[in-house]
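Q: Have a look at this one.
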Amino acid sequence: MFMLDVRTVPSSPSLIPGKAQFFVELILALVLSRLPYVSLPFHWLESYFHELSHAIAAVISGGVVSQIRLFPDGSGLCFSQGGWPVLVGFSGYTGAALWGTLLFFMSCLRQGIRQSYLALGLVVLLTLALWGRDLLSIAIMLSLSVLFLLPLKLTYSTLLRGSLRLVAMIVMLNALASPAVLLGLGQRGDAALLAQMTLIPAVIWVALWFAVGLGALYLCWRVVANQSAKAKSVA
């Protein structure tokens, strides 16, 4: 009689990368985020999430957003009135890091990876419809929507997951590195504005954003480490 040992049947591949794969993808994300021209869409994406976070903070704290502007160099502006200015000011870099974490978690979903891409593309288009006013910002947001919607033509969900993880890591790395630039901007930038409003030095706000960025990466790492621990215990 032929007997099948279930231990010899290969299980479906994990939706969460292993530790080695995580670090390889992290290094690849670091390289891509620093390459000229290639990194530009990812800087736009981090800037988009940054300004979108400002907008969301303004709206939920009772303010009104008039427009979001994105520039070719990867910078951006959110024009709002009212709301809690400290929350609005702090939310930019914090939100970008949290959006990156959300993208990473979405890449680990057992089902719905295509729906995740579709939802992200629609969020960008909704932002464009609500707050896109100038042609340059509209063009950049359209490009970002394509970044999420075009991969839907891919057949393999594994490739979709890997691509979304890579985008997530680039967004988090950019959100981690960007606040340091504020230290050389003098009286400009979110840190300077928060320092004026709260009398807390700008360097403290930059340190907080850096801690949030590290925390976002650590959360992703914990997901990977926990999955590896479970895999070892099963084996």
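Each chain of the structure tokens is named A, B, ... in the order shown, its residues numbered from 1; ligands are numbered from 1 in display order.
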Please list as a PDB file with N, CA, C and O atoms, in the first residue's frame every residue within 12 Å of A:Ala97, counting only C-alpha atoms and excluding residues in the same chain fewer than 6 positions away.
A:
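Just written: part.pdb:
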```pdb
ATOM      1  N   LEU A  45       6.391  59.543  -3.886  1.00  0.00           N
ATOM      2  CA  LEU A  45       5.457  58.755  -3.095  1.00  0.00           C
ATOM      3  C   LEU A  45       5.566  59.098  -1.613  1.00  0.00           C
ATOM      4  O   LEU A  45       4.549  59.268  -0.925  1.00  0.00           O
ATOM      5  N   GLU A  46       6.790  59.217  -1.112  1.00  0.00           N
ATOM      6  CA  GLU A  46       6.974  59.581   0.295  1.00  0.00           C
ATOM      7  C   GLU A  46       6.434  60.988   0.550  1.00  0.00           C
ATOM      8  O   GLU A  46       5.785  61.242   1.571  1.00  0.00           O
ATOM      9  N   SER A  47       6.687  61.899  -0.397  1.00  0.00           N
ATOM     10  CA  SER A  47       6.169  63.257  -0.261  1.00  0.00           C
ATOM     11  C   SER A  47       4.643  63.266  -0.295  1.00  0.00           C
ATOM     12  O   SER A  47       3.990  64.005   0.462  1.00  0.00           O
ATOM     13  N   TYR A  48       4.074  62.425  -1.163  1.00  0.00           N
ATOM     14  CA  TYR A  48       2.613  62.337  -1.237  1.00  0.00           C
ATOM     15  C   TYR A  48       2.025  61.876   0.092  1.00  0.00           C
ATOM     16  O   TYR A  48       1.081  62.478   0.614  1.00  0.00           O
ATOM     17  N   PHE A  49       2.579  60.796   0.662  1.00  0.00           N
ATOM     18  CA  PHE A  49       2.072  60.300   1.942  1.00  0.00           C
ATOM     19  C   PHE A  49       2.297  61.326   3.061  1.00  0.00           C
ATOM     20  O   PHE A  49       1.486  61.441   3.985  1.00  0.00           O
ATOM     21  N   HIS A  50       3.404  62.050   2.972  1.00  0.00           N
ATOM     22  CA  HIS A  50       3.699  63.103   3.944  1.00  0.00           C
ATOM     23  C   HIS A  50       2.615  64.180   3.905  1.00  0.00           C
ATOM     24  O   HIS A  50       2.028  64.529   4.941  1.00  0.00           O
ATOM     25  N   SER A  53      -0.833  62.965   4.947  1.00  0.00           N
ATOM     26  CA  SER A  53      -0.945  62.852   6.407  1.00  0.00           C
ATOM     27  C   SER A  53      -1.230  64.211   7.033  1.00  0.00           C
ATOM     28  O   SER A  53      -2.022  64.316   7.979  1.00  0.00           O
ATOM     29  N   PHE A  90       3.080  67.795  13.100  1.00  0.00           N
ATOM     30  CA  PHE A  90       3.796  66.573  13.479  1.00  0.00           C
ATOM     31  C   PHE A  90       3.441  65.382  12.588  1.00  0.00           C
ATOM     32  O   PHE A  90       4.199  64.424  12.481  1.00  0.00           O
ATOM     33  N   SER A  91       2.281  65.454  11.959  1.00  0.00           N
ATOM     34  CA  SER A  91       1.751  64.277  11.265  1.00  0.00           C
ATOM     35  C   SER A  91       2.466  63.937   9.974  1.00  0.00           C
ATOM     36  O   SER A  91       2.387  62.805   9.507  1.00  0.00           O
ATOM     37  N   LEU A 103       1.725  49.642   4.196  1.00  0.00           N
ATOM     38  CA  LEU A 103       2.005  48.978   2.920  1.00  0.00           C
ATOM     39  C   LEU A 103       2.677  47.627   3.150  1.00  0.00           C
ATOM     40  O   LEU A 103       2.363  46.639   2.471  1.00  0.00           O
ATOM     41  N   PHE A 104       3.604  47.579   4.104  1.00  0.00           N
ATOM     42  CA  PHE A 104       4.285  46.318   4.406  1.00  0.00           C
ATOM     43  C   PHE A 104       3.289  45.285   4.917  1.00  0.00           C
ATOM     44  O   PHE A 104       3.307  44.126   4.492  1.00  0.00           O
ATOM     45  N   VAL A 167       8.334  48.845  -2.098  1.00  0.00           N
ATOM     46  CA  VAL A 167       7.830  50.219  -2.029  1.00  0.00           C
ATOM     47  C   VAL A 167       7.665  50.655  -0.576  1.00  0.00           C
ATOM     48  O   VAL A 167       8.029  51.776  -0.197  1.00  0.00           O
ATOM     49  N   ALA A 168       7.142  49.765   0.254  1.00  0.00           N
ATOM     50  CA  ALA A 168       6.943  50.080   1.673  1.00  0.00           C
ATOM     51  C   ALA A 168       8.264  50.424   2.351  1.00  0.00           C
ATOM     52  O   ALA A 168       8.357  51.402   3.110  1.00  0.00           O
ATOM     53  N   MET A 169       9.286  49.629   2.078  1.00  0.00           N
ATOM     54  CA  MET A 169      10.583  49.875   2.704  1.00  0.00           C
ATOM     55  C   MET A 169      11.196  51.182   2.225  1.00  0.00           C
ATOM     56  O   MET A 169      11.804  51.922   3.015  1.00  0.00           O
ATOM     57  N   ILE A 170      11.037  51.492   0.938  1.00  0.00           N
ATOM     58  CA  ILE A 170      11.582  52.746   0.414  1.00  0.00           C
ATOM     59  C   ILE A 170      10.881  53.931   1.064  1.00  0.00           C
ATOM     60  O   ILE A 170      11.517  54.922   1.442  1.00  0.00           O
ATOM     61  N   VAL A 171       9.563  53.850   1.205  1.00  0.00           N
ATOM     62  CA  VAL A 171       8.803  54.928   1.854  1.00  0.00           C
ATOM     63  C   VAL A 171       9.274  55.112   3.294  1.00  0.00           C
ATOM     64  O   VAL A 171       9.488  56.237   3.763  1.00  0.00           O
ATOM     65  N   MET A 172       9.461  54.002   4.017  1.00  0.00           N
ATOM     66  CA  MET A 172       9.908  54.095   5.407  1.00  0.00           C
ATOM     67  C   MET A 172      11.316  54.648   5.508  1.00  0.00           C
ATOM     68  O   MET A 172      11.616  55.466   6.384  1.00  0.00           O
ATOM     69  N   LEU A 173      12.208  54.220   4.616  1.00  0.00           N
ATOM     70  CA  LEU A 173      13.586  54.719   4.644  1.00  0.00           C
ATOM     71  C   LEU A 173      13.641  56.207   4.320  1.00  0.00           C
ATOM     72  O   LEU A 173      14.387  56.959   4.948  1.00  0.00           O
ATOM     73  N   ASN A 174      12.839  56.634   3.343  1.00  0.00           N
ATOM     74  CA  ASN A 174      12.792  58.060   3.019  1.00  0.00           C
ATOM     75  C   ASN A 174      12.209  58.870   4.175  1.00  0.00           C
ATOM     76  O   ASN A 174      12.677  59.971   4.481  1.00  0.00           O
ATOM     77  N   ALA A 175      11.178  58.320   4.825  1.00  0.00           N
ATOM     78  CA  ALA A 175      10.585  58.996   5.977  1.00  0.00           C
ATOM     79  C   ALA A 175      11.568  59.056   7.144  1.00  0.00           C
ATOM     80  O   ALA A 175      11.525  59.981   7.966  1.00  0.00           O
ATOM     81  N   LEU A 176      12.468  58.086   7.201  1.00  0.00           N
ATOM     82  CA  LEU A 176      13.483  58.045   8.256  1.00  0.00           C
ATOM     83  C   LEU A 176      14.592  59.059   7.992  1.00  0.00           C
ATOM     84  O   LEU A 176      15.089  59.721   8.907  1.00  0.00           O
ATOM     85  N   ALA A 177      14.968  59.216   6.710  1.00  0.00           N
ATOM     86  CA  ALA A 177      16.091  60.081   6.368  1.00  0.00           C
ATOM     87  C   ALA A 177      15.691  61.545   6.196  1.00  0.00           C
ATOM     88  O   ALA A 177      16.475  62.448   6.499  1.00  0.00           O
ATOM     89  N   SER A 178      14.474  61.794   5.729  1.00  0.00           N
ATOM     90  CA  SER A 178      14.068  63.157   5.381  1.00  0.00           C
ATOM     91  C   SER A 178      14.117  64.150   6.539  1.00  0.00           C
ATOM     92  O   SER A 178      14.531  65.296   6.342  1.00  0.00           O
ATOM     93  N   PRO A 179      13.678  63.790   7.759  1.00  0.00           N
ATOM     94  CA  PRO A 179      13.686  64.791   8.835  1.00  0.00           C
ATOM     95  C   PRO A 179      15.061  65.375   9.132  1.00  0.00           C
ATOM     96  O   PRO A 179      15.157  66.528   9.571  1.00  0.00           O
ATOM     97  N   LEU A 208      12.221  62.816  17.414  1.00  0.00           N
ATOM     98  CA  LEU A 208      10.968  62.074  17.535  1.00  0.00           C
ATOM     99  C   LEU A 208      10.595  61.419  16.214  1.00  0.00           C
ATOM    100  O   LEU A 208      10.183  60.250  16.177  1.00  0.00           O
ATOM    101  N   TRP A 209      10.729  62.149  15.110  1.00  0.00           N
ATOM    102  CA  TRP A 209      10.413  61.574  13.800  1.00  0.00           C
ATOM    103  C   TRP A 209      11.363  60.428  13.461  1.00  0.00           C
ATOM    104  O   TRP A 209      10.954  59.435  12.877  1.00  0.00           O
ATOM    105  N   PHE A 210      12.628  60.599  13.838  1.00  0.00           N
ATOM    106  CA  PHE A 210      13.600  59.530  13.600  1.00  0.00           C
ATOM    107  C   PHE A 210      13.213  58.285  14.394  1.00  0.00           C
ATOM    108  O   PHE A 210      13.287  57.159  13.886  1.00  0.00           O
ATOM    109  N   ALA A 211      12.770  58.486  15.636  1.00  0.00           N
ATOM    110  CA  ALA A 211      12.353  57.360  16.478  1.00  0.00           C
ATOM    111  C   ALA A 211      11.124  56.679  15.890  1.00  0.00           C
ATOM    112  O   ALA A 211      11.016  55.444  15.906  1.00  0.00           O
ATOM    113  N   VAL A 212      10.181  57.467  15.359  1.00  0.00           N
ATOM    114  CA  VAL A 212       8.992  56.888  14.735  1.00  0.00           C
ATOM    115  C   VAL A 212       9.383  56.060  13.516  1.00  0.00           C
ATOM    116  O   VAL A 212       8.868  54.950  13.302  1.00  0.00           O
ATOM    117  N   GLY A 213      10.312  56.581  12.701  1.00  0.00           N
ATOM    118  CA  GLY A 213      10.767  55.844  11.528  1.00  0.00           C
ATOM    119  C   GLY A 213      11.437  54.529  11.902  1.00  0.00           C
ATOM    120  O   GLY A 213      11.181  53.486  11.284  1.00  0.00           O
ATOM    121  N   LEU A 214      12.285  54.569  12.920  1.00  0.00           N
ATOM    122  CA  LEU A 214      12.922  53.335  13.397  1.00  0.00           C
ATOM    123  C   LEU A 214      11.877  52.368  13.946  1.00  0.00           C
ATOM    124  O   LEU A 214      11.962  51.152  13.724  1.00  0.00           O
ATOM    125  N   GLY A 215      10.908  52.920  14.669  1.00  0.00           N
ATOM    126  CA  GLY A 215       9.849  52.074  15.214  1.00  0.00           C
ATOM    127  C   GLY A 215       9.040  51.395  14.128  1.00  0.00           C
ATOM    128  O   GLY A 215       8.648  50.231  14.262  1.00  0.00           O
ATOM    129  N   ALA A 216       8.794  52.106  13.024  1.00  0.00           N
ATOM    130  CA  ALA A 216       8.054  51.520  11.906  1.00  0.00           C
ATOM    131  C   ALA A 216       8.817  50.348  11.303  1.00  0.00           C
ATOM    132  O   ALA A 216       8.248  49.273  11.047  1.00  0.00           O
ATOM    133  N   LEU A 217      10.119  50.537  11.099  1.00  0.00           N
ATOM    134  CA  LEU A 217      10.935  49.440  10.571  1.00  0.00           C
ATOM    135  C   LEU A 217      10.983  48.273  11.555  1.00  0.00           C
ATOM    136  O   LEU A 217      10.959  47.100  11.153  1.00  0.00           O
ATOM    137  N   TYR A 218      11.048  48.599  12.843  1.00  0.00           N
ATOM    138  CA  TYR A 218      11.107  47.541  13.858  1.00  0.00           C
ATOM    139  C   TYR A 218       9.819  46.720  13.874  1.00  0.00           C
ATOM    140  O   TYR A 218       9.860  45.489  14.032  1.00  0.00           O
ATOM    141  N   LEU A 219       8.671  47.372  13.715  1.00  0.00           N
ATOM    142  CA  LEU A 219       7.402  46.636  13.664  1.00  0.00           C
ATOM    143  C   LEU A 219       7.410  45.628  12.516  1.00  0.00           C
ATOM    144  O   LEU A 219       6.974  44.485  12.677  1.00  0.00           O
ATOM    145  N   CYS A 220       7.911  46.058  11.368  1.00  0.00           N
ATOM    146  CA  CYS A 220       7.994  45.143  10.214  1.00  0.00           C
ATOM    147  C   CYS A 220       8.954  43.996  10.516  1.00  0.00           C
ATOM    148  O   CYS A 220       8.676  42.836  10.178  1.00  0.00           O
TER     149      CYS A 220
END
```
Q: Just the residues within 9 Å of stretch 66-76 of chain A, please, counting only C-alpha atoms, with nothing from its chain fewer than 6 positions along; format it as a list in words.
A: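 Contacts, with the query itself left out: Leu40, Pro41, Phe42, His43, Trp44, Leu45, Glu46, Ser47, Tyr48, His50, Glu51, Leu52, Ala55, Thr127, Leu128, Leu130, Trp131, Gly132, Arg133, Asp134, Leu136, Ser137, Ile138, Ile140 and Met141 of chain A.
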Q: Identify, on the basis of only C-alpha atoms, every residue whose closest approach to A:Ala195 does not exceed 10 Å; exclude the query and any residue fewer than 5 positions from it along the same chain; express the result as a PDB file with N, CA, C and O atoms, in the first residue's frame.
A:
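Written output follows (out-v8.pdb):
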```pdb
ATOM      1  N   VAL A  86      -0.336  71.811  15.898  1.00  0.00           N
ATOM      2  CA  VAL A  86       0.738  70.911  16.359  1.00  0.00           C
ATOM      3  C   VAL A  86       0.546  69.515  15.770  1.00  0.00           C
ATOM      4  O   VAL A  86       1.499  68.885  15.293  1.00  0.00           O
ATOM      5  N   GLN A 187      14.903  78.426   9.746  1.00  0.00           N
ATOM      6  CA  GLN A 187      13.546  78.701  10.204  1.00  0.00           C
ATOM      7  C   GLN A 187      12.473  78.125   9.285  1.00  0.00           C
ATOM      8  O   GLN A 187      11.307  78.467   9.405  1.00  0.00           O
ATOM      9  N   ASP A 190       8.859  71.753   8.846  1.00  0.00           N
ATOM     10  CA  ASP A 190       7.928  71.367   9.901  1.00  0.00           C
ATOM     11  C   ASP A 190       8.531  71.497  11.294  1.00  0.00           C
ATOM     12  O   ASP A 190       7.853  71.916  12.240  1.00  0.00           O
ATOM     13  N   ILE A 200       9.543  73.875  21.916  1.00  0.00           N
ATOM     14  CA  ILE A 200      10.381  72.668  21.981  1.00  0.00           C
ATOM     15  C   ILE A 200      11.358  72.735  20.811  1.00  0.00           C
ATOM     16  O   ILE A 200      10.935  72.916  19.663  1.00  0.00           O
ATOM     17  N   PRO A 201      12.668  72.611  21.073  1.00  0.00           N
ATOM     18  CA  PRO A 201      13.656  72.772  19.994  1.00  0.00           C
ATOM     19  C   PRO A 201      13.391  71.853  18.806  1.00  0.00           C
ATOM     20  O   PRO A 201      12.902  70.734  18.956  1.00  0.00           O
ATOM     21  N   ALA A 202      13.736  72.360  17.626  1.00  0.00           N
ATOM     22  CA  ALA A 202      13.505  71.609  16.400  1.00  0.00           C
ATOM     23  C   ALA A 202      14.204  70.257  16.419  1.00  0.00           C
ATOM     24  O   ALA A 202      13.683  69.268  15.896  1.00  0.00           O
ATOM     25  N   VAL A 203      15.385  70.199  17.060  1.00  0.00           N
ATOM     26  CA  VAL A 203      16.135  68.943  17.075  1.00  0.00           C
ATOM     27  C   VAL A 203      15.360  67.851  17.813  1.00  0.00           C
ATOM     28  O   VAL A 203      15.484  66.651  17.492  1.00  0.00           O
ATOM     29  N   ILE A 204      14.526  68.245  18.793  1.00  0.00           N
ATOM     30  CA  ILE A 204      13.714  67.265  19.524  1.00  0.00           C
ATOM     31  C   ILE A 204      12.662  66.668  18.600  1.00  0.00           C
ATOM     32  O   ILE A 204      12.418  65.457  18.602  1.00  0.00           O
ATOM     33  N   TRP A 205      12.025  67.526  17.798  1.00  0.00           N
ATOM     34  CA  TRP A 205      11.025  67.028  16.853  1.00  0.00           C
ATOM     35  C   TRP A 205      11.657  66.105  15.823  1.00  0.00           C
ATOM     36  O   TRP A 205      11.086  65.067  15.475  1.00  0.00           O
TER      37      TRP A 205
END
```
Q: Mind the document's chain letters and residue numbers, and return as a ChimeraX atom specification the residues of stretch 5-198 of chain A that DSSP labels strand (DSSP E or B).
A: /A:64-70,76-81
Q: Nearest to A:Ala225: which of A:Pro36, A:Gly62, A:Pro151, A:Gly18 is it, counting only C-alpha atoms?
A: A:Gly18
Q: Which residue out of A:Leu98, A:Ala58, A:Leu120, A:Val181 has the minimum interatomic distance to A:Ser80 when only C-alpha atoms are used?
A: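 The closest residue to A:Ser80 is A:Ala58.
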Q: Please extract the residues of stretch 20-212 of chain A with a backbone DSSP assignment of alpha helix (DSSP H) and present them as a PyMOL selection string.
A: chain A and resi 20-32+40-60+85-107+113-131+135-149+157-181+190-198+202-212
Q: How would the residues just picked look written out with C-alpha atoms as a compact mmCIF listing (two decimals), in the first residue's frame?
A:
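Wrote it out as selection16.txt, contents follow:
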```txt
# COMPACT_ATOMS: atom_id res chain seq x y z
CA ALA A 20 17.60 37.02 5.18
CA GLN A 21 15.12 38.07 2.50
CA PHE A 22 14.00 40.99 4.66
CA PHE A 23 17.55 42.34 4.90
CA VAL A 24 18.22 41.78 1.19
CA GLU A 25 15.06 43.70 0.31
CA LEU A 26 15.95 46.41 2.82
CA ILE A 27 19.39 46.87 1.22
CA LEU A 28 17.81 46.89 -2.25
CA ALA A 29 15.32 49.52 -1.08
CA LEU A 30 18.18 51.61 0.31
CA VAL A 31 20.04 51.43 -3.01
CA LEU A 32 16.96 52.24 -5.10
CA LEU A 40 12.38 60.01 -8.11
CA PRO A 41 8.95 58.26 -8.15
CA PHE A 42 9.63 56.91 -4.66
CA HIS A 43 10.51 60.38 -3.37
CA TRP A 44 7.23 61.59 -4.89
CA LEU A 45 5.46 58.75 -3.09
CA GLU A 46 6.97 59.58 0.30
CA SER A 47 6.17 63.26 -0.26
CA TYR A 48 2.61 62.34 -1.24
CA PHE A 49 2.07 60.30 1.94
CA HIS A 50 3.70 63.10 3.94
CA GLU A 51 1.35 65.77 2.59
CA LEU A 52 -1.67 63.44 2.71
CA SER A 53 -0.95 62.85 6.41
CA HIS A 54 -0.90 66.63 6.98
CA ALA A 55 -4.25 66.84 5.18
CA ILE A 56 -5.84 64.01 7.17
CA ALA A 57 -4.62 65.51 10.46
CA ALA A 58 -6.05 68.89 9.49
CA VAL A 59 -9.44 67.43 8.57
CA ILE A 60 -9.83 65.20 11.64
CA PRO A 85 -1.52 73.06 14.18
CA VAL A 86 0.74 70.91 16.36
CA LEU A 87 -0.99 67.72 15.21
CA VAL A 88 -0.95 68.89 11.60
CA GLY A 89 2.73 69.79 11.76
CA PHE A 90 3.80 66.57 13.48
CA SER A 91 1.75 64.28 11.26
CA GLY A 92 3.76 64.64 8.04
CA TYR A 93 6.87 62.54 8.72
CA THR A 94 5.01 60.44 11.27
CA GLY A 95 2.29 59.64 8.75
CA ALA A 96 4.74 58.77 5.99
CA ALA A 97 6.44 56.20 8.25
CA LEU A 98 3.08 54.73 9.27
CA TRP A 99 1.91 54.56 5.66
CA GLY A 100 5.07 52.60 4.85
CA THR A 101 4.28 50.20 7.69
CA LEU A 102 0.72 49.82 6.41
CA LEU A 103 2.01 48.98 2.92
CA PHE A 104 4.29 46.32 4.41
CA PHE A 105 1.42 44.76 6.38
CA MET A 106 -0.79 44.84 3.28
CA SER A 107 1.86 42.86 1.41
CA ILE A 113 -3.22 41.74 -2.51
CA ARG A 114 -4.75 42.94 -5.78
CA GLN A 115 -7.50 44.73 -3.90
CA SER A 116 -4.79 46.43 -1.82
CA TYR A 117 -3.11 47.79 -4.94
CA LEU A 118 -6.48 48.91 -6.29
CA ALA A 119 -7.38 50.64 -3.01
CA LEU A 120 -4.05 52.49 -2.91
CA GLY A 121 -4.45 53.64 -6.50
CA LEU A 122 -7.96 54.88 -5.77
CA VAL A 123 -6.77 56.75 -2.66
CA VAL A 124 -4.26 58.64 -4.82
CA LEU A 125 -6.94 59.44 -7.39
CA LEU A 126 -9.32 60.58 -4.64
CA THR A 127 -6.61 62.87 -3.27
CA LEU A 128 -6.12 64.25 -6.75
CA ALA A 129 -9.86 64.92 -7.12
CA LEU A 130 -10.15 66.59 -3.71
CA TRP A 131 -6.94 68.59 -3.46
CA LEU A 135 -1.09 70.70 -13.43
CA LEU A 136 2.28 69.58 -12.06
CA SER A 137 0.79 68.07 -8.90
CA ILE A 138 -1.97 66.43 -10.93
CA ALA A 139 0.63 64.87 -13.24
CA ILE A 140 2.67 63.55 -10.31
CA MET A 141 -0.41 62.09 -8.59
CA LEU A 142 -1.48 60.44 -11.84
CA SER A 143 2.00 58.90 -12.09
CA LEU A 144 1.70 57.59 -8.52
CA SER A 145 -1.72 56.10 -9.23
CA VAL A 146 -0.18 54.27 -12.20
CA LEU A 147 2.54 52.98 -9.85
CA PHE A 148 -0.19 51.14 -7.93
CA LEU A 149 -2.63 50.31 -10.71
CA SER A 157 0.77 37.48 -6.55
CA THR A 158 4.26 36.71 -5.16
CA LEU A 159 5.70 39.40 -7.42
CA LEU A 160 2.94 41.78 -6.35
CA ARG A 161 3.74 41.17 -2.69
CA GLY A 162 7.47 41.61 -3.20
CA SER A 163 6.98 44.84 -5.13
CA LEU A 164 4.68 46.27 -2.47
CA ARG A 165 7.15 45.32 0.28
CA LEU A 166 9.93 47.07 -1.63
CA VAL A 167 7.83 50.22 -2.03
CA ALA A 168 6.94 50.08 1.67
CA MET A 169 10.58 49.87 2.70
CA ILE A 170 11.58 52.75 0.41
CA VAL A 171 8.80 54.93 1.85
CA MET A 172 9.91 54.09 5.41
CA LEU A 173 13.59 54.72 4.64
CA ASN A 174 12.79 58.06 3.02
CA ALA A 175 10.58 59.00 5.98
CA LEU A 176 13.48 58.04 8.26
CA ALA A 177 16.09 60.08 6.37
CA SER A 178 14.07 63.16 5.38
CA PRO A 179 13.69 64.79 8.83
CA ALA A 180 17.47 65.09 9.19
CA VAL A 181 17.45 67.56 6.28
CA ASP A 190 7.93 71.37 9.90
CA ALA A 191 10.44 71.17 12.77
CA ALA A 192 10.99 74.94 12.80
CA LEU A 193 7.24 75.62 12.73
CA LEU A 194 6.64 73.20 15.60
CA ALA A 195 9.49 74.77 17.56
CA GLN A 196 7.89 78.20 17.15
CA MET A 197 4.49 76.92 18.27
CA THR A 198 5.63 74.80 21.22
CA ALA A 202 13.50 71.61 16.40
CA VAL A 203 16.13 68.94 17.08
CA ILE A 204 13.71 67.26 19.52
CA TRP A 205 11.02 67.03 16.85
CA VAL A 206 13.54 65.61 14.38
CA ALA A 207 14.61 63.04 16.98
CA LEU A 208 10.97 62.07 17.54
CA TRP A 209 10.41 61.57 13.80
CA PHE A 210 13.60 59.53 13.60
CA ALA A 211 12.35 57.36 16.48
CA VAL A 212 8.99 56.89 14.74
```
Q: By how many Å are atom CA of A:Arg222 and atom CA of A:Gly112 apart?
A: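 Here the two named atoms are 22.2 Å from each other.
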Q: Do you have the atom CA of A:Ile16-atom CA of A:Cys108 distance handy?
A: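 Answer for the atom CA of A:Ile16 to atom CA of A:Cys108 separation: 5.6 Å.
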Q: Between atom CA of A:Val223 and atom CA of A:Leu109, what distance in Å does the model show, to one decimal?
A: 12.0 Å
